[in-house]
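Working notes, beginning with the structure itself.
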Amino acid sequence: MTLLEHLKPTFRAVIVNWKPMLLIQLGAIAVVAMYYQSAGLEAWCASVVAFKERGGLPFAAVAGALAGGILPEIVKFLTNSKGKPQSWREVACVAGYFACMGMTVDIMYDAMGNLYGGDHHPLTVLKKTATDMGLFCPLVAVPSTVVIFTWKDTGFSWSATKETFRHGGFFDLYVKVILSNWMMWIPIITAIYALPVNLQFITVQLAEAAWSLLIVHISQGANELVNA
């Protein structure tokens, strides 16, 4: 299978979800722009980060569930998206996945902060991006995404999931997801790591919502092809 064929689900996902994704991206751009113009927003972002520090992993889980599971559905409704509607079980599954991922990412960010520091020097940003995209994504984020979303897309059936993964099915789905992940996240996460710490948390949640829109549609389309 060619690179273009692996990326087809991503292109279809962008076409179907362009309106909600654009709204989320505009929101992220607005937050970043206003952060440097508004002392009130800067103080609010700082208070959110302070609350996050006090809330610990439970707060990271709730934020992840809202950003990855709930916010995308709200934005799809507001923009009258043509994407395939999800059942409450599917929304709960996606929210639960992003809750777990929110805690995992929070632990990783703390570890990288201790290892590489909290400055915005280009070398520090490069190290964090390389660790995130070169280790965390291929070894943790992408495999777990493929398993959980395939389980969801096969009607929450582990036997159907295992059948989908036979004869190279897992590898095929893995390649589709990791290519899509790198296409979206490498430029975004590089920019986020270069932002002030108080602004990183808000912007990464909005990016997570945009990614959720993509991965739900990519996974659905890819699994339909694998099981055709």
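Here's how to read the names in the structure tokens: chain A, B, ... by the order shown, residue numbers from 1 in each chain, ligand numbers from 1 in the order shown.
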> Hey, what does DSSP flag as helix (DSSP H, G or I) within region 55-166 of chain A? Can you give it to me as an MDAnalysis selection string?
Replying inline: chainID A and resid 55:78 88:116 122:153 158:166
Please identify every residue of region 23-54 of chain A that has at least one atom no farther than 12 Å from an atom of region 211-217 of chain A, counting only C-alpha atoms, and for each give the shortest atom pair and the distance in Å to one decimal, arranged by chain then increasing number, as CSV.
```
residue,atom,partner,partner_atom,distance
A:Leu23,CA,A:Leu213,CA,11.9
A:Ile24,CA,A:Trp211,CA,10.3
A:Gln25,CA,A:Trp211,CA,10.8
```
How close does each residue of region 168-189 of chain A get to region 12-18 of chain A, giving the shortest atom pair and distance in Å to one decimal for every residue with an atom at most 12 Å away, counting only C-alpha atoms, sorted by chain and residue number, as a tab-separated table?
```
residue	atom	partner	partner_atom	distance
A:Val177	CA	A:Ala13	CA	11.9
A:Ser180	CA	A:Ala13	CA	10.2
A:Met183	CA	A:Val14	CA	11.9
A:Met184	CA	A:Val14	CA	10.7
```
> Excluding same-chain residues fewer than 4 positions from region 126-135 of chain A, what lies within 9 Å of it counting only C-alpha atoms, as a PyMOL selection string?
Replying inline: chain A and resi 108-109+112-113+116+121-122+139-140+181-182+185-186+189-190+193
File dump, residues just selected, C-alpha atoms, as a PDB file, in the first residue's frame:
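Generated file (selection-v7.pdb):
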```
ATOM      1  CA  MET A 108       5.086  12.772  30.496  1.00  0.00           C
ATOM      2  CA  TYR A 109       5.086  16.583  30.471  1.00  0.00           C
ATOM      3  CA  MET A 112      10.188  16.135  30.317  1.00  0.00           C
ATOM      4  CA  GLY A 113      10.111  19.342  32.328  1.00  0.00           C
ATOM      5  CA  TYR A 116      14.886  19.070  29.771  1.00  0.00           C
ATOM      6  CA  HIS A 121      15.106  27.532  23.957  1.00  0.00           C
ATOM      7  CA  PRO A 122      14.939  25.963  20.469  1.00  0.00           C
ATOM      8  CA  LEU A 139       5.244   3.331  21.561  1.00  0.00           C
ATOM      9  CA  VAL A 140       2.254   4.430  23.679  1.00  0.00           C
ATOM     10  CA  ASN A 181      -0.589  11.769  14.067  1.00  0.00           C
ATOM     11  CA  TRP A 182       2.751  13.060  12.822  1.00  0.00           C
ATOM     12  CA  TRP A 185       0.962  16.966  15.840  1.00  0.00           C
ATOM     13  CA  ILE A 186       4.580  17.631  14.869  1.00  0.00           C
ATOM     14  CA  ILE A 189       3.237  20.386  19.419  1.00  0.00           C
ATOM     15  CA  THR A 190       6.434  22.177  18.380  1.00  0.00           C
ATOM     16  CA  TYR A 193       6.242  23.725  23.478  1.00  0.00           C
TER      17      TYR A 193
END
```
>> Just want the 12 Å neighbourhood of Leu199 (chain A), counted on only C-alpha atoms, with same-chain residues fewer than 3 positions away dropped. Output as a ChimeraX atom specification.
In response: /A:28-36,41-50,191-196,202-206
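Distance check against Leu7 (chain A) using only C-alpha atoms: of A:Asn198, A:Gln220, A:Leu115, A:Val175, the minimum falls on A:Val175.
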